[in-house]
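Asker: This is the structure I want to talk about, given as structure tokens.
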Amino acid sequence: MDALYGEPGEVSPALKWKNDLARKFQYYLDKSAPHLAARWVGSFAVAAIYVLRVYYLQGFYIVTYGLGIYILNLLIGFLSPQVDMESEGPSLPSKGSDEFKPFVRRLPEFKLWYAFTKAFCVAFVLTFFSIFDVPVFWPILLLYWAVLFALTMNRQIKHMIKYKYVPFSFGKQRYVGKKKKPAANGSGYRD
């Protein structure tokens, strides 16, 4: 047999090492899930390193443009509901008497973070290969990306207004009950 699979019933060392590495990577991904701020700080540090590398090299604008389009696509997935409201009709409550249905994203925050970080890592690796350094006039790419961003966000905001949803939550809503009134005799609170 070949070196990767070994004999039937036998696990090759290369396959075992790959499985162990994948299991360990998934373990650390799972451990990072509750640490939202730390994850995003790390991701923005990776993005800053990439931006500094592109600035230092004065090149790889096509890679950066492709990265920008990909991140815009991730952002649209993050801001969009999982259910297509145009084909299935509005599922969010439109009146106060309607049943509350929480906003479920097409792309959850954790997957957004993971794809964002992975995209910057891949783009960083691509900057080490000169084949991806295509000479282009970068202001045109930047202008085109800005127009694309503005049009896409305009369409997304109109969709949010039309179907009356907000893709952000600001934590659990807390209700404050009535405060206890002090007793008439001034000895504290009455029962």
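Naming scheme: A, B, ... for chains in displayed order of the structure tokens; residues 1 onward per chain; ligands 1 onward as shown.
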So which residues touch Leu141 of chain A within 10 Å, counting only C-alpha atoms, skipping near sequence neighbours fewer than 6 positions away, as a PyMOL selection string?

Answerer: chain A and resi 61-62+64-66+147

Asker: Just the selected residues (all heavy atoms), exported as a PDB file, in the first residue's frame, please.

Answerer:
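That gives us out17.pdb:
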```
ATOM      1  N   TYR A  61      -2.286  44.662  -5.281  1.00  0.00           N
ATOM      2  CA  TYR A  61      -3.569  45.361  -5.189  1.00  0.00           C
ATOM      3  C   TYR A  61      -4.724  44.490  -5.672  1.00  0.00           C
ATOM      4  O   TYR A  61      -5.846  44.625  -5.182  1.00  0.00           O
ATOM      5  CB  TYR A  61      -3.519  46.678  -5.969  1.00  0.00           C
ATOM      6  CG  TYR A  61      -2.436  47.600  -5.457  1.00  0.00           C
ATOM      7  CD1 TYR A  61      -1.416  48.037  -6.288  1.00  0.00           C
ATOM      8  CD2 TYR A  61      -2.429  48.007  -4.133  1.00  0.00           C
ATOM      9  CE1 TYR A  61      -0.425  48.870  -5.806  1.00  0.00           C
ATOM     10  CE2 TYR A  61      -1.445  48.841  -3.645  1.00  0.00           C
ATOM     11  CZ  TYR A  61      -0.437  49.270  -4.489  1.00  0.00           C
ATOM     12  OH  TYR A  61       0.537  50.088  -4.011  1.00  0.00           O
ATOM     13  N   ILE A  62      -4.453  43.593  -6.595  1.00  0.00           N
ATOM     14  CA  ILE A  62      -5.501  42.673  -7.066  1.00  0.00           C
ATOM     15  C   ILE A  62      -5.888  41.715  -5.938  1.00  0.00           C
ATOM     16  O   ILE A  62      -7.074  41.426  -5.742  1.00  0.00           O
ATOM     17  CB  ILE A  62      -5.025  41.894  -8.316  1.00  0.00           C
ATOM     18  CG1 ILE A  62      -4.918  42.828  -9.512  1.00  0.00           C
ATOM     19  CG2 ILE A  62      -5.938  40.734  -8.637  1.00  0.00           C
ATOM     20  CD1 ILE A  62      -6.236  43.338 -10.031  1.00  0.00           C
ATOM     21  N   THR A  64      -5.643  42.367  -2.770  1.00  0.00           N
ATOM     22  CA  THR A  64      -6.370  43.183  -1.799  1.00  0.00           C
ATOM     23  C   THR A  64      -7.780  43.476  -2.279  1.00  0.00           C
ATOM     24  O   THR A  64      -8.732  43.463  -1.487  1.00  0.00           O
ATOM     25  CB  THR A  64      -5.602  44.494  -1.542  1.00  0.00           C
ATOM     26  OG1 THR A  64      -4.270  44.160  -1.149  1.00  0.00           O
ATOM     27  CG2 THR A  64      -6.263  45.322  -0.464  1.00  0.00           C
ATOM     28  N   TYR A  65      -7.950  43.723  -3.562  1.00  0.00           N
ATOM     29  CA  TYR A  65      -9.278  43.961  -4.121  1.00  0.00           C
ATOM     30  C   TYR A  65     -10.145  42.712  -3.968  1.00  0.00           C
ATOM     31  O   TYR A  65     -11.299  42.791  -3.537  1.00  0.00           O
ATOM     32  CB  TYR A  65      -9.169  44.370  -5.588  1.00  0.00           C
ATOM     33  CG  TYR A  65     -10.495  44.540  -6.259  1.00  0.00           C
ATOM     34  CD1 TYR A  65     -11.298  45.635  -5.972  1.00  0.00           C
ATOM     35  CD2 TYR A  65     -10.956  43.611  -7.181  1.00  0.00           C
ATOM     36  CE1 TYR A  65     -12.532  45.803  -6.577  1.00  0.00           C
ATOM     37  CE2 TYR A  65     -12.185  43.769  -7.788  1.00  0.00           C
ATOM     38  CZ  TYR A  65     -12.963  44.858  -7.480  1.00  0.00           C
ATOM     39  OH  TYR A  65     -14.180  45.011  -8.083  1.00  0.00           O
ATOM     40  N   GLY A  66      -9.603  41.555  -4.302  1.00  0.00           N
ATOM     41  CA  GLY A  66     -10.342  40.298  -4.132  1.00  0.00           C
ATOM     42  C   GLY A  66     -10.695  40.057  -2.677  1.00  0.00           C
ATOM     43  O   GLY A  66     -11.802  39.608  -2.358  1.00  0.00           O
ATOM     44  N   VAL A 147     -17.715  52.201  -4.651  1.00  0.00           N
ATOM     45  CA  VAL A 147     -19.030  52.297  -5.294  1.00  0.00           C
ATOM     46  C   VAL A 147     -19.808  51.000  -5.065  1.00  0.00           C
ATOM     47  O   VAL A 147     -20.998  51.032  -4.739  1.00  0.00           O
ATOM     48  CB  VAL A 147     -18.885  52.612  -6.802  1.00  0.00           C
ATOM     49  CG1 VAL A 147     -20.192  52.412  -7.538  1.00  0.00           C
ATOM     50  CG2 VAL A 147     -18.363  54.028  -6.993  1.00  0.00           C
TER      51      VAL A 147
END
```

Asker: Return the single residue from A:Ile69, A:Phe103, A:Gly59, A:Thr117 that is closest to Val136 of chain A, with distances computed using only C-alpha atoms.

Answerer: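 Result for the nearest residue to Val136 of chain A: A:Gly59.
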